[in-house]
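Read the structure below first, then the notes.
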Amino acid sequence: AQTVTQSQPEMSVQEAETVTLSCTYDTSESNYYLFWYKQPPSRQMILVIRQEAYKQQNATENRFSVNFQKAAKSFSLKISDSQLGDTAMYFCAFMEYGNKLVFGAGTILRVKS
Amino acid sequence: DAEITQSPRHKITETGRQVTLACHQTWNHNNMFWYRQDLGHGLRLIHYSYGVQDTNKGEVSDGYSVSRSNTEDLPLTLESAASSQTSVYFCASSEGGLSYNEQFFGPGTRLTVL
């Protein structure tokens, strides 16, 4: 079974600075997708960024980018120019064949002014 | 606009009662999923469906059941609620098939079992 590990339960960053959230996963599959979801206090799950395992180029969405290391099974999220609205719980997730998601435990990110 | 809704948003019930959480989507998605969110575990898959009359067990299915009689709805039933089922429940949907399609999430239901 696939597993996803987020080793940082909580992190904090100053506004306008850069922060990196870590995620590792374990799988024997050759193709899969990886996702980062944001969950603000409203509880809504918001897709931040996704990465297909076959694509070597790291995905980027505005201030959000990933560092995907397939051999190391690592998928970290970098948030640049952090904003107060980035304060949220962030979940790393692995999508296996069958369209099912396996989530990590989450990292609480607090952006300080 | 297409959306996915859940009701109720908050529910308090007693141990042993049957509880049904509703999930309704207007995306016309074939795939629907139920997850529960608990501190330290993230979201875990309870049940899922790839279409009408299709249901499958997920990682934490004990004590839960679902049925899919139409494309739009996947209600989740707790047959006899237990305190261990106190959690936040999320419904999600995605385009049909087994491929890697983005899942869209509902707003969640907070269930408390006393």
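Identifiers in the structure tokens: chain A, B, ... in order shown; residue index from 1 per chain; ligand index from 1 in order shown.
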Report task. Give as a VMD selection string every residue of chain A that touches chain B within 6 Å, counting only C-alpha atoms. Result -> chain A and resid 44 98 to 99 103 to 106
Query - Exercise: Glu29 (chain A) partners within 10 Å, only C-alpha atoms, chain neighbours under 4 positions left out, as an NGL selection string - result: :A and (2 or 53 or 96-97)
Put those residues in a file: N, CA, C and O atoms, as an mmCIF file, in the first residue's frame.
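What landed in selection_24.cif:
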data_model
loop_
_atom_site.group_PDB
_atom_site.id
_atom_site.type_symbol
_atom_site.label_atom_id
_atom_site.label_comp_id
_atom_site.auth_asym_id
_atom_site.auth_seq_id
_atom_site.Cartn_x
_atom_site.Cartn_y
_atom_site.Cartn_z
ATOM 1 N N GLN A 2 0.349 2.257 -0.662
ATOM 2 C CA GLN A 2 1.091 3.508 -0.726
ATOM 3 C C GLN A 2 1.017 4.234 0.622
ATOM 4 O O GLN A 2 -0.006 4.184 1.306
ATOM 5 N N ALA A 53 4.170 11.841 -12.374
ATOM 6 C CA ALA A 53 5.449 11.191 -12.104
ATOM 7 C C ALA A 53 6.326 11.069 -13.344
ATOM 8 O O ALA A 53 7.557 11.079 -13.248
ATOM 9 N N GLU A 96 -3.146 7.050 -6.780
ATOM 10 C CA GLU A 96 -2.825 5.776 -7.384
ATOM 11 C C GLU A 96 -3.831 5.469 -8.489
ATOM 12 O O GLU A 96 -4.862 6.120 -8.618
ATOM 13 N N TYR A 97 -3.491 4.465 -9.293
ATOM 14 C CA TYR A 97 -4.398 4.040 -10.351
ATOM 15 C C TYR A 97 -5.734 3.666 -9.730
ATOM 16 O O TYR A 97 -5.779 2.956 -8.729
#
Query - Those of region 27-94 of chain B in DSSP strand (DSSP E), formatted as a ChimeraX atom specification - result: /B:31-38,42-51,54-57,64-66,76-78,87-94
Query raised in the report: Could you name the residues that touch region 21-30 of chain B at 8 Å or less, counting only C-alpha atoms, but leaving out those on the same chain fewer than 5 positions away, as a list in words?
Result: Ala2, Glu3, Ile4, Thr5, Gln6, Ser7, Pro8, Ser49, Tyr50, Gly51, Val52, Thr71, Glu72, Asp73, Leu74, Pro75, Leu76, Thr77, Cys91, Ser93, Ser94, Glu95, Gly96, Gly97, Gly106 and Thr109 of chain B
Might you pull out every residue within 12 Å of region 8-16 of chain A, with only C-alpha atoms counted and same-chain residues fewer than 6 positions away left off, and present them as a tab-separated table (two decimals) with all heavy atoms, in the first residue's frame?
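File around_24.tsv, as written:
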chain	number	residue	atom	x	y	z
A	22	SER	N	7.92	19.63	3.39
A	22	SER	CA	8.47	18.35	2.94
A	22	SER	C	7.41	17.27	2.83
A	22	SER	O	6.42	17.27	3.58
A	22	SER	CB	9.56	17.89	3.91
A	22	SER	OG	10.60	18.82	3.99
A	23	CYS	N	7.64	16.35	1.91
A	23	CYS	CA	6.75	15.21	1.73
A	23	CYS	C	7.56	14.07	1.11
A	23	CYS	O	8.30	14.28	0.14
A	23	CYS	CB	5.59	15.58	0.81
A	23	CYS	SG	4.51	14.18	0.36
A	24	THR	N	7.42	12.91	1.67
A	24	THR	CA	7.99	11.71	1.07
A	24	THR	C	6.89	10.67	0.93
A	24	THR	O	5.88	10.72	1.64
A	24	THR	CB	9.15	11.12	1.90
A	24	THR	OG1	8.67	10.80	3.20
A	24	THR	CG2	10.30	12.10	1.99
A	63	ARG	N	3.24	31.51	-7.17
A	63	ARG	CA	4.23	31.52	-6.09
A	63	ARG	C	4.54	30.12	-5.57
A	63	ARG	O	5.40	29.97	-4.67
A	63	ARG	CB	3.71	32.39	-4.94
A	63	ARG	CG	3.51	33.84	-5.29
A	63	ARG	CD	3.06	34.65	-4.07
A	63	ARG	NE	1.73	34.23	-3.58
A	63	ARG	CZ	1.52	33.55	-2.48
A	63	ARG	NH1	2.54	33.16	-1.70
A	63	ARG	NH2	0.28	33.23	-2.11
A	76	SER	N	8.52	18.03	-2.38
A	76	SER	CA	8.40	19.17	-1.48
A	76	SER	C	7.73	20.35	-2.17
A	76	SER	O	7.79	20.50	-3.39
A	76	SER	CB	9.77	19.57	-0.94
A	76	SER	OG	10.61	19.96	-2.01
A	78	LYS	N	7.42	24.49	-2.33
A	78	LYS	CA	8.03	25.76	-1.99
A	78	LYS	C	7.03	26.87	-2.22
A	78	LYS	O	6.44	26.97	-3.29
A	78	LYS	CB	9.29	26.01	-2.82
A	78	LYS	CG	10.04	27.27	-2.38
A	78	LYS	CD	11.39	27.40	-3.08
A	78	LYS	CE	11.25	27.96	-4.47
A	78	LYS	NZ	12.58	28.29	-5.05
A	79	ILE	N	6.86	27.69	-1.19
A	79	ILE	CA	5.98	28.86	-1.29
A	79	ILE	C	6.87	30.09	-1.21
A	79	ILE	O	7.56	30.31	-0.20
A	79	ILE	CB	4.93	28.89	-0.17
A	79	ILE	CG1	4.14	27.58	-0.15
A	79	ILE	CG2	3.99	30.07	-0.34
A	79	ILE	CD1	3.18	27.46	1.02
A	80	SER	N	6.86	30.87	-2.26
A	80	SER	CA	7.67	32.09	-2.32
A	80	SER	C	6.81	33.29	-1.96
A	80	SER	O	5.58	33.27	-2.14
A	80	SER	CB	8.24	32.28	-3.72
A	80	SER	OG	9.00	31.16	-4.13
A	81	ASP	N	7.47	34.33	-1.43
A	81	ASP	CA	6.75	35.57	-1.10
A	81	ASP	C	5.49	35.25	-0.28
A	81	ASP	O	4.36	35.60	-0.66
A	81	ASP	CB	6.38	36.31	-2.38
A	81	ASP	CG	5.76	37.67	-2.13
A	81	ASP	OD1	6.03	38.26	-1.07
A	81	ASP	OD2	4.98	38.13	-2.99
A	82	SER	N	5.68	34.57	0.83
A	82	SER	CA	4.55	34.10	1.64
A	82	SER	C	3.62	35.24	2.01
A	82	SER	O	4.05	36.36	2.33
A	82	SER	CB	5.07	33.43	2.92
A	82	SER	OG	5.81	32.28	2.60
A	83	GLN	N	2.33	34.94	1.97
A	83	GLN	CA	1.30	35.93	2.30
A	83	GLN	C	0.46	35.41	3.47
A	83	GLN	O	0.38	34.20	3.71
A	83	GLN	CB	0.42	36.17	1.07
A	83	GLN	CG	1.19	36.69	-0.13
A	83	GLN	CD	0.34	36.82	-1.37
A	83	GLN	OE1	-0.86	36.53	-1.38
A	83	GLN	NE2	0.96	37.27	-2.46
A	84	LEU	N	-0.18	36.34	4.18
A	84	LEU	CA	-0.99	35.94	5.34
A	84	LEU	C	-2.06	34.93	4.94
A	84	LEU	O	-2.41	34.04	5.71
A	84	LEU	CB	-1.61	37.18	5.98
A	84	LEU	CG	-0.63	38.18	6.60
A	84	LEU	CD1	-1.38	39.40	7.14
A	84	LEU	CD2	0.20	37.54	7.71
A	85	GLY	N	-2.56	35.06	3.72
A	85	GLY	CA	-3.59	34.14	3.25
A	85	GLY	C	-3.09	32.74	2.98
A	85	GLY	O	-3.89	31.84	2.71
A	86	ASP	N	-1.79	32.55	3.06
A	86	ASP	CA	-1.23	31.20	2.89
A	86	ASP	C	-1.33	30.39	4.18
A	86	ASP	O	-1.07	29.18	4.16
A	86	ASP	CB	0.23	31.27	2.46
A	86	ASP	CG	0.41	31.90	1.08
A	86	ASP	OD1	-0.53	31.82	0.27
A	86	ASP	OD2	1.50	32.46	0.83
A	87	THR	N	-1.69	31.04	5.27
A	87	THR	CA	-1.86	30.32	6.54
A	87	THR	C	-2.94	29.27	6.37
A	87	THR	O	-4.08	29.58	6.02
A	87	THR	CB	-2.24	31.30	7.66
A	87	THR	OG1	-1.11	32.16	7.92
A	87	THR	CG2	-2.60	30.56	8.93
A	88	ALA	N	-2.56	28.02	6.62
A	88	ALA	CA	-3.48	26.90	6.37
A	88	ALA	C	-2.79	25.60	6.75
A	88	ALA	O	-1.60	25.56	7.05
A	88	ALA	CB	-3.88	26.84	4.89
A	89	MET	N	-3.57	24.52	6.69
A	89	MET	CA	-3.01	23.17	6.75
A	89	MET	C	-2.72	22.76	5.30
A	89	MET	O	-3.57	22.98	4.41
A	89	MET	CB	-4.02	22.21	7.37
A	89	MET	CG	-3.61	20.75	7.33
A	89	MET	SD	-2.48	20.31	8.64
A	89	MET	CE	-3.65	19.87	9.93
A	90	TYR	N	-1.56	22.17	5.07
A	90	TYR	CA	-1.19	21.71	3.74
A	90	TYR	C	-1.03	20.19	3.75
A	90	TYR	O	-0.32	19.63	4.59
A	90	TYR	CB	0.11	22.37	3.27
A	90	TYR	CG	-0.09	23.82	2.90
A	90	TYR	CD1	-0.10	24.80	3.88
A	90	TYR	CD2	-0.29	24.20	1.57
A	90	TYR	CE1	-0.31	26.13	3.56
A	90	TYR	CE2	-0.49	25.53	1.23
A	90	TYR	CZ	-0.50	26.49	2.23
A	90	TYR	OH	-0.71	27.81	1.91
A	91	PHE	N	-1.70	19.57	2.79
A	91	PHE	CA	-1.64	18.11	2.67
A	91	PHE	C	-0.94	17.72	1.38
A	91	PHE	O	-1.27	18.23	0.30
A	91	PHE	CB	-3.05	17.50	2.65
A	91	PHE	CG	-3.78	17.60	3.94
A	91	PHE	CD1	-4.77	18.55	4.13
A	91	PHE	CD2	-3.50	16.74	4.98
A	91	PHE	CE1	-5.47	18.64	5.32
A	91	PHE	CE2	-4.19	16.81	6.19
A	91	PHE	CZ	-5.17	17.78	6.35
A	92	CYS	N	-0.03	16.80	1.51
A	92	CYS	CA	0.57	16.14	0.37
A	92	CYS	C	-0.26	14.89	0.09
A	92	CYS	O	-0.69	14.19	1.03
A	92	CYS	CB	2.01	15.77	0.71
A	92	CYS	SG	2.90	14.86	-0.57
A	104	GLY	N	-1.01	12.52	3.29
A	104	GLY	CA	-0.16	12.62	4.45
A	104	GLY	C	-0.94	13.22	5.61
A	104	GLY	O	-2.09	13.62	5.47
A	105	ALA	N	-0.29	13.30	6.77
A	105	ALA	CA	-0.95	13.78	7.98
A	105	ALA	C	-1.14	15.29	8.00
A	105	ALA	O	-1.93	15.80	8.80
A	105	ALA	CB	-0.16	13.35	9.21
A	106	GLY	N	-0.42	15.99	7.13
A	106	GLY	CA	-0.59	17.44	7.04
A	106	GLY	C	0.47	18.22	7.78
A	106	GLY	O	1.08	17.74	8.73
A	107	THR	N	0.68	19.45	7.30
A	107	THR	CA	1.58	20.41	7.94
A	107	THR	C	0.82	21.71	8.13
A	107	THR	O	0.26	22.25	7.16
A	107	THR	CB	2.83	20.69	7.08
A	107	THR	OG1	3.60	19.49	6.96
A	107	THR	CG2	3.69	21.78	7.72
A	108	ILE	N	0.78	22.19	9.37
A	108	ILE	CA	0.14	23.49	9.63
A	108	ILE	C	1.17	24.58	9.36
A	108	ILE	O	2.25	24.59	9.94
A	108	ILE	CB	-0.34	23.58	11.09
A	108	ILE	CG1	-1.41	22.53	11.36
A	108	ILE	CG2	-0.89	24.97	11.38
A	108	ILE	CD1	-1.80	22.43	12.82
A	109	LEU	N	0.84	25.48	8.46
A	109	LEU	CA	1.72	26.60	8.13
A	109	LEU	C	1.12	27.89	8.66
A	109	LEU	O	-0.04	28.20	8.36
A	109	LEU	CB	1.93	26.71	6.62
A	109	LEU	CG	2.76	27.91	6.17
A	109	LEU	CD1	4.21	27.77	6.66
A	109	LEU	CD2	2.71	28.09	4.66
A	110	ARG	N	1.90	28.62	9.43
A	110	ARG	CA	1.48	29.93	9.93
A	110	ARG	C	2.38	31.00	9.33
A	110	ARG	O	3.61	30.91	9.46
A	110	ARG	CB	1.53	29.95	11.45
A	110	ARG	CG	0.53	29.01	12.11
A	110	ARG	CD	0.52	29.17	13.62
A	110	ARG	NE	-0.52	28.35	14.23
A	110	ARG	CZ	-0.37	27.08	14.58
A	110	ARG	NH1	0.80	26.49	14.38
A	110	ARG	NH2	-1.35	26.40	15.11
A	111	VAL	N	1.77	31.97	8.69
A	111	VAL	CA	2.51	33.09	8.12
A	111	VAL	C	2.34	34.26	9.07
A	111	VAL	O	1.22	34.69	9.37
A	111	VAL	CB	2.00	33.45	6.72
A	111	VAL	CG1	2.80	34.62	6.15
A	111	VAL	CG2	2.10	32.24	5.80
A	112	LYS	N	3.47	34.81	9.51
A	112	LYS	CA	3.47	35.87	10.51
A	112	LYS	C	3.76	37.22	9.88
A	112	LYS	O	4.61	37.32	8.98
A	112	LYS	CB	4.50	35.57	11.59
A	112	LYS	CG	4.26	34.25	12.32
A	112	LYS	CD	5.33	33.99	13.36
A	112	LYS	CE	5.06	32.68	14.10
A	112	LYS	NZ	6.11	32.41	15.13
A	113	SER	N	3.08	38.24	10.36
A	113	SER	CA	3.31	39.60	9.83
A	113	SER	C	4.39	40.31	10.64
A	113	SER	O	4.78	39.87	11.71
A	113	SER	CB	2.01	40.40	9.89
A	113	SER	OG	1.55	40.48	11.21
B	39	LEU	N	-7.00	14.31	13.16
B	39	LEU	CA	-5.70	14.87	13.47
B	39	LEU	C	-4.65	13.76	13.51
B	39	LEU	O	-4.84	12.72	14.12
B	39	LEU	CB	-5.77	15.58	14.82
B	39	LEU	CG	-4.61	16.51	15.16
B	39	LEU	CD1	-4.56	17.67	14.17
B	39	LEU	CD2	-4.74	17.03	16.58
B	40	GLY	N	-3.56	14.02	12.83
B	40	GLY	CA	-2.47	13.05	12.79
B	40	GLY	C	-2.58	12.00	11.70
B	40	GLY	O	-1.66	11.22	11.47
B	41	HIS	N	-3.75	11.98	11.00
B	41	HIS	CA	-3.96	10.98	9.95
B	41	HIS	C	-4.25	11.60	8.59
B	41	HIS	O	-4.31	10.88	7.60
B	41	HIS	CB	-5.13	10.06	10.33
B	41	HIS	CG	-4.85	9.19	11.50
B	41	HIS	ND1	-4.13	8.00	11.41
B	41	HIS	CD2	-5.19	9.31	12.81
B	41	HIS	CE1	-4.05	7.45	12.60
B	41	HIS	NE2	-4.68	8.21	13.47
B	42	GLY	N	-4.45	12.87	8.52
B	42	GLY	CA	-4.85	13.45	7.25
B	42	GLY	C	-6.24	12.97	6.89
B	42	GLY	O	-7.09	12.75	7.76
